[in-house]
file input-v1.txt (compact mmCIF, C-alpha atoms and all ligand atoms)
# COMPACT_ATOMS: atom_id res chain seq x y z
CA MET A 11 0.00 0.00 0.00
CA GLN A 12 2.73 2.43 0.89
CA ARG A 13 4.53 1.90 -2.40
CA ILE A 14 1.49 2.56 -4.52
CA ASN A 15 0.10 5.28 -2.26
CA ALA A 16 3.09 7.48 -1.53
CA SER A 17 3.83 10.44 -3.79
CA ILE A 18 6.71 11.90 -1.78
CA GLY A 19 9.16 10.39 -4.26
CA PHE A 20 8.09 13.00 -6.81
CA ASP A 21 5.86 15.58 -5.14
CA ARG A 22 8.72 16.85 -2.99
CA ALA A 23 9.26 19.08 -6.01
CA LEU A 24 6.29 21.06 -4.64
CA TRP A 25 7.94 21.94 -1.35
CA ARG A 26 8.40 25.66 -2.02
CA GLN A 27 4.80 26.02 -3.16
CA ASP A 28 3.56 23.98 -0.20
CA ILE A 29 5.39 26.16 2.29
CA ALA A 30 4.24 29.36 0.58
CA GLY A 31 0.65 28.09 0.64
CA SER A 32 0.85 27.13 4.32
CA ARG A 33 2.35 30.47 5.32
CA ALA A 34 -0.41 32.32 3.48
CA HIS A 35 -3.05 30.07 5.03
CA ALA A 36 -1.69 30.57 8.57
CA ALA A 37 -1.48 34.34 8.12
CA MET A 38 -5.13 34.35 6.99
CA LEU A 39 -6.22 32.13 9.90
CA ALA A 40 -4.58 34.58 12.30
CA HIS A 41 -6.11 37.56 10.51
CA VAL A 42 -9.64 36.22 11.00
CA GLY A 43 -8.95 35.14 14.57
CA ILE A 44 -8.82 31.36 14.08
CA LEU A 45 -5.15 31.23 15.08
CA SER A 46 -3.56 33.35 17.82
CA PRO A 47 -0.85 35.75 16.65
CA ALA A 48 1.67 33.85 18.78
CA ASP A 49 0.81 30.52 17.17
CA GLN A 50 0.95 32.02 13.71
CA GLU A 51 4.41 33.42 14.40
CA LYS A 52 5.63 30.03 15.55
CA ILE A 53 4.13 28.37 12.48
CA ASP A 54 5.68 30.90 10.17
CA ALA A 55 9.12 30.61 11.75
CA GLY A 56 8.82 26.81 11.78
CA LEU A 57 7.95 26.72 8.09
CA ARG A 58 10.88 28.98 7.27
CA ASP A 59 13.19 26.66 9.21
CA ILE A 60 11.79 23.68 7.33
CA ALA A 61 12.44 25.45 4.03
CA ALA A 62 16.05 25.92 5.11
CA GLU A 63 16.28 22.23 6.03
CA ILE A 64 14.95 21.13 2.66
CA GLU A 65 17.25 23.57 0.90
CA ALA A 66 20.20 22.19 2.85
CA GLY A 67 19.22 18.60 2.06
CA THR A 68 18.81 17.63 5.71
CA PHE A 69 15.01 17.28 5.79
CA PRO A 70 14.00 13.74 6.83
CA PHE A 71 11.58 12.75 4.06
CA ASP A 72 9.46 9.80 5.11
CA ALA A 73 7.47 7.66 2.68
CA ALA A 74 5.17 6.59 5.51
CA LEU A 75 3.92 10.19 5.53
CA GLU A 76 2.78 9.78 1.92
CA ASP A 77 3.29 13.18 0.39
CA ILE A 78 5.01 16.54 0.68
CA HIS A 79 2.02 18.05 2.47
CA MET A 80 2.03 15.57 5.33
CA ASN A 81 5.82 15.44 5.51
CA ILE A 82 6.02 19.17 6.05
CA GLU A 83 3.07 19.33 8.41
CA ALA A 84 4.38 16.46 10.54
CA ARG A 85 7.82 18.01 10.66
CA LEU A 86 6.28 21.30 11.76
CA ALA A 87 4.48 19.60 14.64
CA ASP A 88 7.73 17.84 15.61
CA ARG A 89 9.56 21.14 15.69
CA ILE A 90 7.04 23.51 17.27
CA GLY A 91 4.48 21.21 18.90
CA GLU A 92 0.84 22.11 19.27
CA PRO A 93 0.68 25.26 17.09
CA GLY A 94 1.88 23.08 14.23
CA ARG A 95 -1.11 20.83 14.77
CA ARG A 96 -3.46 23.83 14.29
CA LEU A 97 -2.23 24.67 10.77
CA HIS A 98 -4.54 22.25 8.98
CA THR A 99 -7.69 24.02 10.27
CA ALA A 100 -10.10 24.95 7.46
CA ARG A 101 -8.17 23.26 4.70
CA SER A 102 -7.61 19.81 3.23
CA ARG A 103 -4.86 18.24 1.22
CA ASN A 104 -7.26 18.42 -1.68
CA ASP A 105 -7.28 22.21 -1.88
CA GLN A 106 -3.66 22.25 -0.74
CA VAL A 107 -2.35 20.08 -3.56
CA ALA A 108 -4.47 21.87 -6.16
CA THR A 109 -3.04 25.17 -4.97
CA ASP A 110 0.53 23.89 -4.89
CA LEU A 111 0.38 22.46 -8.39
CA ARG A 112 -1.12 25.66 -9.79
CA LEU A 113 1.70 27.64 -8.23
CA TRP A 114 4.24 25.18 -9.62
CA VAL A 115 2.82 25.28 -13.14
CA ARG A 116 2.68 29.07 -12.97
CA ASP A 117 6.39 29.18 -12.15
CA ALA A 118 7.14 26.65 -14.87
CA ILE A 119 5.27 28.79 -17.40
CA ASP A 120 7.28 31.85 -16.39
CA GLY A 121 10.53 29.93 -16.79
CA LEU A 122 9.57 28.47 -20.16
CA ASP A 123 8.35 31.85 -21.35
CA ALA A 124 11.77 33.33 -20.62
CA GLN A 125 13.47 30.43 -22.40
CA LEU A 126 11.23 30.83 -25.44
CA GLY A 127 12.12 34.52 -25.48
CA ASP A 128 15.80 33.61 -25.42
CA LEU A 129 15.41 31.14 -28.27
CA MET A 130 13.48 33.70 -30.32
CA ARG A 131 16.23 36.27 -29.71
CA ALA A 132 18.84 33.79 -30.92
CA LEU A 133 16.80 33.00 -34.04
CA ALA A 134 16.10 36.66 -34.84
CA GLN A 135 19.77 37.48 -34.44
CA ARG A 136 20.82 34.73 -36.83
CA ALA A 137 18.02 35.73 -39.21
CA ALA A 138 19.37 39.29 -39.30
CA GLU A 139 22.85 37.94 -40.13
CA HIS A 140 21.48 35.80 -42.95
CA ALA A 141 18.63 37.98 -44.19
CA ALA A 142 20.06 38.01 -47.72
CA ASP A 143 21.53 34.49 -47.92
CA PRO A 144 19.45 32.29 -50.25
CA MET A 145 18.66 28.66 -49.54
CA PRO A 146 16.35 26.20 -51.25
CA GLY A 147 12.77 26.49 -50.10
CA PHE A 148 10.91 23.19 -50.09
CA THR A 149 7.41 21.87 -50.33
CA HIS A 150 7.04 18.09 -50.05
CA LEU A 151 10.79 18.32 -49.29
CA GLN A 152 11.22 18.87 -53.02
CA THR A 153 12.97 22.00 -54.23
CA ALA A 154 10.29 24.63 -54.71
CA GLN A 155 11.50 28.23 -54.77
CA PRO A 156 14.52 29.95 -53.28
CA VAL A 157 14.00 31.60 -49.91
CA THR A 158 16.47 33.23 -47.57
CA PHE A 159 17.97 31.48 -44.58
CA GLY A 160 16.84 34.37 -42.41
CA HIS A 161 13.27 33.97 -43.64
CA HIS A 162 13.33 30.29 -42.73
CA LEU A 163 14.55 31.06 -39.20
CA LEU A 164 11.93 33.76 -38.73
CA ALA A 165 9.22 31.22 -39.53
CA TYR A 166 10.20 29.53 -36.27
CA VAL A 167 10.17 32.84 -34.44
CA GLU A 168 6.51 33.16 -35.43
CA MET A 169 5.78 29.64 -34.15
CA PHE A 170 7.49 30.23 -30.82
CA ALA A 171 5.68 33.54 -30.44
CA ARG A 172 2.38 31.67 -30.70
CA ASP A 173 3.65 29.11 -28.20
CA ARG A 174 4.35 31.93 -25.77
CA GLY A 175 0.84 33.22 -26.38
CA ARG A 176 -0.64 29.83 -25.54
CA LEU A 177 1.37 29.65 -22.32
CA ALA A 178 0.26 33.17 -21.43
CA ASP A 179 -3.40 32.21 -22.01
CA THR A 180 -2.92 29.14 -19.82
CA ARG A 181 -1.37 31.27 -17.09
CA ARG A 182 -4.23 33.77 -17.17
CA ARG A 183 -6.85 31.05 -16.76
CA LEU A 184 -4.97 29.04 -14.14
CA ASN A 185 -4.45 32.00 -11.86
CA VAL A 186 -7.35 31.34 -9.48
CA CYS A 187 -6.84 30.00 -5.98
CA PRO A 188 -8.36 26.70 -4.77
CA LEU A 189 -7.19 27.23 -1.18
CA GLY A 190 -10.14 27.30 1.21
CA ALA A 191 -12.27 24.95 -0.87
CA ALA A 192 -11.13 22.44 1.76
CA ALA A 193 -11.95 18.78 1.01
CA LEU A 194 -14.75 19.57 -1.48
CA ALA A 195 -17.56 21.48 0.23
CA GLY A 196 -15.88 24.57 1.65
CA THR A 197 -15.56 25.11 5.38
CA SER A 198 -17.62 26.29 8.36
CA PHE A 199 -14.74 28.49 9.56
CA PRO A 200 -14.95 32.21 8.73
CA ILE A 201 -11.97 32.18 6.39
CA ASP A 202 -10.95 34.98 4.03
CA ARG A 203 -10.26 33.35 0.68
CA ASP A 204 -9.53 36.64 -1.03
CA MET A 205 -6.69 37.20 1.40
CA THR A 206 -4.94 33.90 0.67
CA ALA A 207 -5.55 34.27 -3.06
CA ARG A 208 -3.95 37.71 -3.03
CA ALA A 209 -1.04 36.59 -0.85
CA LEU A 210 -0.16 33.86 -3.35
CA GLY A 211 -0.44 36.13 -6.37
CA PHE A 212 -3.72 34.68 -7.65
CA ASP A 213 -6.30 36.91 -9.29
CA ARG A 214 -9.20 35.57 -7.21
CA PRO A 215 -10.41 32.52 -5.28
CA ALA A 216 -11.89 29.66 -7.31
CA ALA A 217 -15.66 30.11 -7.21
CA ASN A 218 -16.88 26.54 -6.77
CA SER A 219 -15.32 24.37 -4.10
CA LEU A 220 -16.04 21.11 -5.94
CA ASP A 221 -14.47 22.42 -9.12
CA ALA A 222 -11.58 23.95 -7.18
CA VAL A 223 -10.35 20.59 -5.87
CA SER A 224 -11.08 18.51 -8.94
CA ASP A 225 -10.10 20.79 -11.83
CA ARG A 226 -6.85 19.90 -13.57
CA ASP A 227 -7.65 21.85 -16.74
CA PHE A 228 -4.75 24.16 -15.95
CA ALA A 229 -2.32 21.24 -16.04
CA LEU A 230 -3.88 19.92 -19.24
CA GLU A 231 -3.74 23.30 -20.92
CA PHE A 232 -0.14 23.60 -19.86
CA LEU A 233 0.64 20.17 -21.32
CA ALA A 234 -1.25 20.98 -24.51
CA ALA A 235 0.73 24.19 -24.94
CA ALA A 236 3.91 22.28 -24.06
CA ALA A 237 3.08 19.57 -26.60
CA ILE A 238 2.62 22.09 -29.41
CA THR A 239 5.86 23.82 -28.44
CA ALA A 240 7.67 20.48 -28.35
CA MET A 241 6.25 19.66 -31.78
CA HIS A 242 7.66 22.93 -33.13
CA LEU A 243 11.02 22.23 -31.55
CA SER A 244 10.96 18.76 -33.05
CA ARG A 245 10.30 20.07 -36.56
CA PHE A 246 13.23 22.43 -36.19
CA ALA A 247 15.41 19.66 -34.77
CA GLU A 248 14.51 17.50 -37.76
CA GLU A 249 15.65 20.27 -40.08
CA ILE A 250 18.90 20.74 -38.20
CA ILE A 251 19.51 16.99 -38.51
CA LEU A 252 18.85 17.06 -42.25
CA TRP A 253 20.82 20.26 -42.76
CA CYS A 254 23.98 18.89 -41.19
CA SER A 255 23.96 15.57 -42.99
CA ALA A 256 26.59 15.56 -45.74
CA PRO A 257 24.24 15.28 -48.76
CA PHE A 258 22.54 18.51 -47.58
CA GLY A 259 25.61 20.21 -46.12
CA PHE A 260 23.60 23.34 -45.29
CA ILE A 261 25.02 23.97 -41.81
CA ARG A 262 27.73 22.77 -39.48
CA LEU A 263 27.41 22.30 -35.75
CA SER A 264 30.49 22.50 -33.56
CA ASP A 265 31.65 19.78 -31.18
CA ALA A 266 29.66 21.59 -28.50
CA PHE A 267 26.40 20.10 -29.83
CA THR A 268 27.57 16.93 -31.58
CA THR A 269 29.23 13.68 -30.59
CA GLY A 270 31.65 11.38 -32.34
CA SER A 271 31.14 7.75 -33.19
CA SER A 272 32.97 5.03 -31.29
CA ILE A 273 33.75 3.21 -34.55
CA MET A 274 33.58 5.70 -37.44
CA PRO A 275 36.23 8.38 -36.98
CA GLN A 276 34.68 10.79 -39.47
CA LYS A 277 31.29 10.95 -37.76
CA LYS A 278 29.85 14.04 -36.19
CA ASN A 279 26.38 13.22 -34.96
CA PRO A 280 23.78 15.89 -34.14
CA ASP A 281 22.76 14.22 -30.87
CA ALA A 282 21.39 17.37 -29.25
CA ALA A 283 18.99 17.88 -32.15
CA GLU A 284 18.06 14.20 -32.17
CA LEU A 285 17.29 14.31 -28.46
CA ALA A 286 15.28 17.49 -28.93
CA ARG A 287 13.25 15.59 -31.52
CA GLY A 288 13.12 12.48 -29.35
CA LYS A 289 12.02 14.21 -26.15
CA THR A 290 8.88 15.31 -27.94
CA GLY A 291 7.50 11.83 -27.33
CA ARG A 292 7.58 12.37 -23.58
CA VAL A 293 5.82 15.71 -23.77
CA LEU A 294 3.08 14.48 -26.09
CA GLY A 295 2.77 11.38 -23.93
CA ALA A 296 2.33 13.52 -20.81
CA LEU A 297 -0.69 15.25 -22.33
CA VAL A 298 -2.31 11.97 -23.33
CA ALA A 299 -1.48 10.44 -19.94
CA LEU A 300 -3.20 13.18 -17.95
CA LEU A 301 -6.19 13.42 -20.27
CA THR A 302 -6.62 9.70 -19.75
CA VAL A 303 -6.28 9.99 -15.98
CA MET A 304 -8.95 12.69 -15.83
CA LYS A 305 -11.49 11.49 -18.32
CA GLY A 306 -13.37 9.06 -16.08
CA LEU A 307 -13.26 10.84 -12.73
CA PRO A 308 -16.49 11.67 -10.95
CA LEU A 309 -16.43 14.82 -8.81
CA ALA A 310 -14.63 15.75 -6.69
CA TYR A 311 -11.10 14.67 -5.74
CA ALA A 312 -9.97 11.11 -6.43
CA LYS A 313 -6.56 9.67 -5.77
CA ASP A 314 -6.08 9.08 -9.48
CA MET A 315 -5.29 12.77 -9.60
CA GLN A 316 -2.03 12.16 -7.79
CA GLU A 317 -0.93 10.87 -11.20
CA ASP A 318 -1.07 14.46 -12.52
CA LYS A 319 2.32 15.44 -11.21
CA GLU A 320 4.90 13.24 -12.91
CA PRO A 321 3.69 14.01 -16.45
CA VAL A 322 3.64 17.73 -15.65
CA PHE A 323 7.09 17.70 -14.06
CA ASP A 324 8.60 15.56 -16.79
CA ALA A 325 7.09 17.57 -19.62
CA ALA A 326 8.29 20.84 -18.10
CA ALA A 327 11.81 19.50 -17.53
CA SER A 328 12.02 17.95 -21.00
CA LEU A 329 10.79 21.13 -22.65
CA SER A 330 13.14 23.32 -20.66
CA LEU A 331 16.13 21.19 -21.55
CA THR A 332 15.11 21.07 -25.20
CA LEU A 333 14.68 24.84 -25.34
CA ALA A 334 18.12 25.37 -23.83
CA ALA A 335 19.76 22.94 -26.26
CA THR A 336 17.93 24.42 -29.23
CA ALA A 337 18.92 27.99 -28.37
CA GLY A 338 22.48 26.73 -28.00
CA MET A 339 22.41 25.07 -31.42
CA VAL A 340 20.96 28.18 -33.06
CA ARG A 341 23.84 30.25 -31.72
CA ASP A 342 26.34 27.53 -32.62
CA MET A 343 25.35 26.60 -36.15
CA ARG A 344 27.38 27.85 -39.08
CA PRO A 345 25.36 27.98 -42.29
CA ASP A 346 27.39 27.32 -45.46
CA ALA A 347 26.13 30.33 -47.44
CA VAL A 348 27.99 29.33 -50.61
CA ARG A 349 26.54 25.84 -50.67
CA LEU A 350 23.07 27.07 -49.71
CA ALA A 351 23.08 29.55 -52.60
CA ALA A 352 24.31 26.91 -55.05
CA VAL A 353 21.69 24.37 -54.00
CA ALA A 354 19.04 27.10 -54.02
CA GLY A 355 19.46 27.33 -57.79
CA GLU A 356 19.16 23.60 -58.42
CA GLY A 357 15.98 21.77 -59.32
CA PHE A 358 14.70 24.55 -61.63
CA SER A 359 13.83 26.53 -58.53
CA THR A 360 13.25 29.73 -60.53
CA ALA A 361 10.70 28.15 -62.85
CA THR A 362 7.94 30.16 -61.16
CA ASP A 363 9.91 33.33 -61.85
CA LEU A 364 9.97 32.41 -65.53
CA ALA A 365 6.23 31.77 -65.56
CA ASP A 366 5.60 35.05 -63.71
CA TRP A 367 7.76 36.88 -66.31
CA LEU A 368 5.66 35.41 -69.14
CA VAL A 369 2.55 36.74 -67.39
CA ARG A 370 3.99 40.12 -66.48
CA VAL A 371 5.88 40.95 -69.68
CA LEU A 372 4.09 38.99 -72.42
CA GLY A 373 0.65 39.12 -70.86
CA LEU A 374 0.09 35.35 -71.01
CA PRO A 375 -2.60 33.89 -68.76
CA PHE A 376 -0.88 32.23 -65.81
CA ARG A 377 -2.07 28.75 -66.77
CA THR A 378 -0.57 29.16 -70.26
CA ALA A 379 2.66 30.51 -68.80
CA HIS A 380 2.76 27.53 -66.45
CA HIS A 381 2.45 25.20 -69.46
CA VAL A 382 5.16 26.97 -71.51
CA THR A 383 7.49 26.96 -68.51
CA GLY A 384 6.85 23.27 -67.97
CA ARG A 385 7.99 22.54 -71.50
CA LEU A 386 11.12 24.67 -71.02
CA VAL A 387 11.91 22.83 -67.79
CA ALA A 388 11.51 19.50 -69.60
CA ARG A 389 13.83 20.75 -72.32
CA ALA A 390 16.45 21.96 -69.82
CA GLU A 391 16.21 18.69 -67.93
CA ALA A 392 16.70 16.70 -71.15
CA ASP A 393 19.75 18.83 -72.04
CA GLY A 394 21.11 18.54 -68.49
CA VAL A 395 21.27 22.31 -67.93
CA ASP A 396 19.66 24.98 -65.73
CA LEU A 397 16.88 27.17 -67.10
CA ALA A 398 19.33 30.07 -67.19
CA ALA A 399 21.59 28.06 -69.51
CA LEU A 400 18.92 27.45 -72.16
CA PRO A 401 19.79 29.46 -75.30
CA LEU A 402 17.29 32.16 -76.27
CA ALA A 403 16.59 30.39 -79.57
CA VAL A 404 15.52 27.29 -77.65
CA MET A 405 13.27 29.38 -75.42
CA GLN A 406 11.69 31.01 -78.44
CA VAL A 407 10.72 27.63 -79.83
CA GLU A 408 8.30 27.38 -76.92
CA HIS A 409 7.21 31.01 -77.17
CA PRO A 410 8.44 33.39 -79.85
CA GLY A 411 7.82 36.46 -77.69
CA ILE A 412 10.53 35.58 -75.15
CA THR A 413 13.43 38.07 -75.12
CA SER A 414 16.86 38.01 -73.51
CA GLU A 415 15.43 40.05 -70.62
CA VAL A 416 14.00 36.84 -69.28
CA TYR A 417 17.43 35.83 -68.00
CA ASP A 418 17.29 38.67 -65.48
CA VAL A 419 14.65 36.83 -63.46
CA LEU A 420 16.22 33.38 -63.57
CA SER A 421 18.94 33.91 -60.98
CA VAL A 422 18.41 32.92 -57.37
CA ALA A 423 19.30 36.42 -56.19
CA ALA A 424 16.72 37.99 -58.50
CA SER A 425 14.14 35.46 -57.43
CA VAL A 426 14.40 36.16 -53.70
CA ALA A 427 14.77 39.90 -54.25
CA SER A 428 11.49 39.92 -56.18
CA ARG A 429 9.44 38.38 -53.35
CA THR A 430 8.56 41.73 -51.82
CA SER A 431 4.93 40.97 -50.99
CA TYR A 432 4.05 41.33 -47.30
CA GLY A 433 5.58 38.39 -45.44
CA GLY A 434 7.63 37.36 -48.49
CA THR A 435 11.24 36.27 -48.54
CA SER A 436 12.95 39.30 -50.06
CA PRO A 437 16.13 40.21 -48.17
CA HIS A 438 14.68 43.66 -47.56
CA ASN A 439 11.56 42.21 -45.90
CA VAL A 440 13.54 39.69 -43.90
CA ALA A 441 16.04 42.25 -42.62
CA ALA A 442 13.20 44.53 -41.56
CA GLN A 443 11.31 41.72 -39.80
CA ALA A 444 14.43 40.45 -38.06
CA ALA A 445 15.21 43.97 -36.84
CA GLN A 446 11.63 44.36 -35.61
CA TRP A 447 11.80 41.08 -33.68
CA ILE A 448 15.15 42.01 -32.17
CA ARG A 449 13.61 45.29 -30.95
CA ASP A 450 10.46 43.59 -29.66
CA LEU A 451 12.41 40.91 -27.81
CA ALA A 452 14.97 43.25 -26.26
N1 LIG A 501 -0.75 13.25 -2.59
C1 LIG A 501 -2.07 13.65 -2.97
C2 LIG A 501 -2.06 14.10 -4.43
O1 LIG A 501 -1.02 14.34 -4.94
C3 LIG A 501 -2.52 14.80 -2.12
C4 LIG A 501 -3.98 14.89 -1.92
C5 LIG A 501 -4.45 13.73 -1.13
N2 LIG A 501 -5.80 13.88 -0.71
C6 LIG A 501 -6.48 12.87 -0.20
N3 LIG A 501 -7.68 13.08 0.13
N4 LIG A 501 -5.91 11.70 -0.03
O2 LIG A 501 -3.09 14.18 -5.07

call {"tool": "encode", "arguments": {"input": "input-v1.txt", "output": "structure tokens"}}
result
Amino acid sequence: MQRINASIGFDRALWRQDIAGSRAHAAMLAHVGILSPADQEKIDAGLRDIAAEIEAGTFPFDAALEDIHMNIEARLADRIGEPGRRLHTARSRNDQVATDLRLWVRDAIDGLDAQLGDLMRALAQRAAEHAADPMPGFTHLQTAQPVTFGHHLLAYVEMFARDRGRLADTRRRLNVCPLGAAALAGTSFPIDRDMTARALGFDRPAANSLDAVSDRDFALEFLAAAAITAMHLSRFAEEIILWCSAPFGFIRLSDAFTTGSSIMPQKKNPDAAELARGKTGRVLGALVALLTVMKGLPLAYAKDMQEDKEPVFDAAASLSLTLAATAGMVRDMRPDAVRLAAVAGEGFSTATDLADWLVRVLGLPFRTAHHVTGRLVARAEADGVDLAALPLAVMQVEHPGITSEVYDVLSVAASVASRTSYGGTSPHNVAAQAAQWIRDLA
């Protein structure tokens, strides 16, 4: 029973939140006259001493006392005697644990938000450096049109900005205080729930005591936001892995974020990126795990809910580590601008520019221009040359109106420079957006 019942093995991570909650609760009990000022002072001092003990690693955690709440409360009674035994008036572990976990998730959100900001700063910085460097843009992982490396990085800045927004939404909704809901029905003591809510930085007390002790939406929303963030990080990690494989050769990572092989001396493996991609499984799994825990629970508290903590803690730790590693790799990576530009021109990547020219200059309907360009691509492919290397006479076989001016639009540089529509990849756009992000994130 003890082995399945005890949560102290993992919920000790809540000790700061538990002590903060107990101090706020005791101060409120004294304020409304349930505790004497002298008892409250002893409780407060005792809790501060216990915090120091835990910090120092000398606190005697005991699995027989189940969880962090009972460990701390029992220790308090050991240290200060009877006043310690008055602390649990007008509360229950049910409102206590719900409060503690909200406080913990709130802190985790603040930490992850700062890390996302750091990653976005790193990306925007690198985007500014490479605002004008072309690379192949892909759809279906087939060469599509040239884009700039900076533009590609800024796409991730947009994703991470939305991730921050989701975390901020989660934080706003979670910031209500369950403390004082007691076991499930509220309490007969004249407590002041606004006071404890305020003391712990919550916006207000939770309105329904049954909901207050049984709601884990905040943890689920956090995990959902974390899962989407992890998915974004995984997509980026996948790209880093592709980019540094020799056939791509788009970037290099230093030894700081790679490892060697024990058998192949030439190997430089992007382990940090692979683990960033791999850790996504844990974060997505955490969301599914907690949804599954919650989906069959009648109101109010049930012990199943003790299973909320490990997924939340593990997802937060995995995401934090992945964010740190990813920001490190962004700062570390060295794009090979020469290779990127060369590859950007392969695969007839400026075929759309040719079609657009036929529309713009010769007035062809786009569908006709698309057809003519397709034939020219087939011709170039058969001759084993780029579009830009097709002689004018050959072009004119497909359409007599084509002039030598067409070659101006067939270079990679001309292609990216022409994409000046809002949000497009032109170096001018990208430099301006990178600068704007750098200002916004400062
Ligand atoms: N360790 C429990 C948890 O994490 C604390 C709440 C226990 N409440 C109860 N009525 N047994 O959920």

call {"tool": "atom_distance", "arguments": {"input": "input-v1.txt", "atom1": "atom CA of Arg33 of chain A", "atom2": "atom CA of Asn15 of chain A"}}
result
26.4 Å

call {"tool": "residues_around", "arguments": {"input": "input-v1.txt", "residues": "Phe323 of chain A", "least_positions_apart": "5", "cutoff": "12 Å", "atoms": "all atoms listed in the file", "output": "list of chain:residue names"}}
result
A:Phe20, A:Asp21, A:Arg22, A:Ala23, A:Leu24, A:Leu111, A:Trp114, A:Val115, A:Asp117, A:Ala118, A:Ile119, A:Ala229, A:Phe232, A:Leu233, A:Ala236, A:Arg292, A:Val293, A:Ala296, A:Leu297, A:Leu300, A:Glu317, A:Asp318, A:Ser328, A:Leu329, A:Ser330

call {"tool": "residues_around", "arguments": {"input": "input-v1.txt", "residues": "Arg287 of chain A", "least_positions_apart": "4", "cutoff": "10 Å", "atoms": "all atoms listed in the file", "output": "PDB file with C-alpha atoms, in the coordinates of the input"}}
result
ATOM      1  CA  ALA A 240       7.670  20.480 -28.350  1.00  0.00           C
ATOM      2  CA  MET A 241       6.250  19.660 -31.780  1.00  0.00           C
ATOM      3  CA  HIS A 242       7.660  22.930 -33.130  1.00  0.00           C
ATOM      4  CA  LEU A 243      11.020  22.230 -31.550  1.00  0.00           C
ATOM      5  CA  SER A 244      10.960  18.760 -33.050  1.00  0.00           C
ATOM      6  CA  ARG A 245      10.300  20.070 -36.560  1.00  0.00           C
ATOM      7  CA  PHE A 246      13.230  22.430 -36.190  1.00  0.00           C
ATOM      8  CA  ALA A 247      15.410  19.660 -34.770  1.00  0.00           C
ATOM      9  CA  GLU A 248      14.510  17.500 -37.760  1.00  0.00           C
ATOM     10  CA  ILE A 251      19.510  16.990 -38.510  1.00  0.00           C
ATOM     11  CA  ASP A 281      22.760  14.220 -30.870  1.00  0.00           C
ATOM     12  CA  ALA A 282      21.390  17.370 -29.250  1.00  0.00           C
ATOM     13  CA  ALA A 283      18.990  17.880 -32.150  1.00  0.00           C
ATOM     14  CA  GLY A 291       7.500  11.830 -27.330  1.00  0.00           C
ATOM     15  CA  THR A 332      15.110  21.070 -25.200  1.00  0.00           C
TER      16      THR A 332
END

call {"tool": "residues_near_ligand", "arguments": {"input": "input-v1.txt", "ligand": "ligand LIG 501 (chain A)", "cutoff": "8 Å", "atoms": "only C-alpha atoms and all ligand atoms", "output": "PyMOL selection string"}}
result
chain A and resi 16-18+21+76-79+102-104+106-108+193+311-319

call {"tool": "closest_residue", "arguments": {"input": "input-v1.txt", "among": "A:Thr268, A:Arg101, A:Met339, A:Ala55", "to": "Leu86 of chain A", "atoms": "all atoms listed in the file"}}
result
A:Ala55

call {"tool": "atom_distance", "arguments": {"input": "input-v1.txt", "atom1": "atom CA of Gln276 of chain A", "atom2": "atom CA of Leu263 of chain A"}}
result
14.1 Å

call {"tool": "atom_distance", "arguments": {"input": "input-v1.txt", "atom1": "atom CA of Glu168 of chain A", "atom2": "atom CA of Met130 of chain A"}}
result
8.7 Å

call {"tool": "closest_residue", "arguments": {"input": "input-v1.txt", "among": "A:Ile273, A:Leu301, A:Leu194, A:Ala352", "to": "Leu230 of chain A", "atoms": "only C-alpha atoms"}}
result
A:Leu301
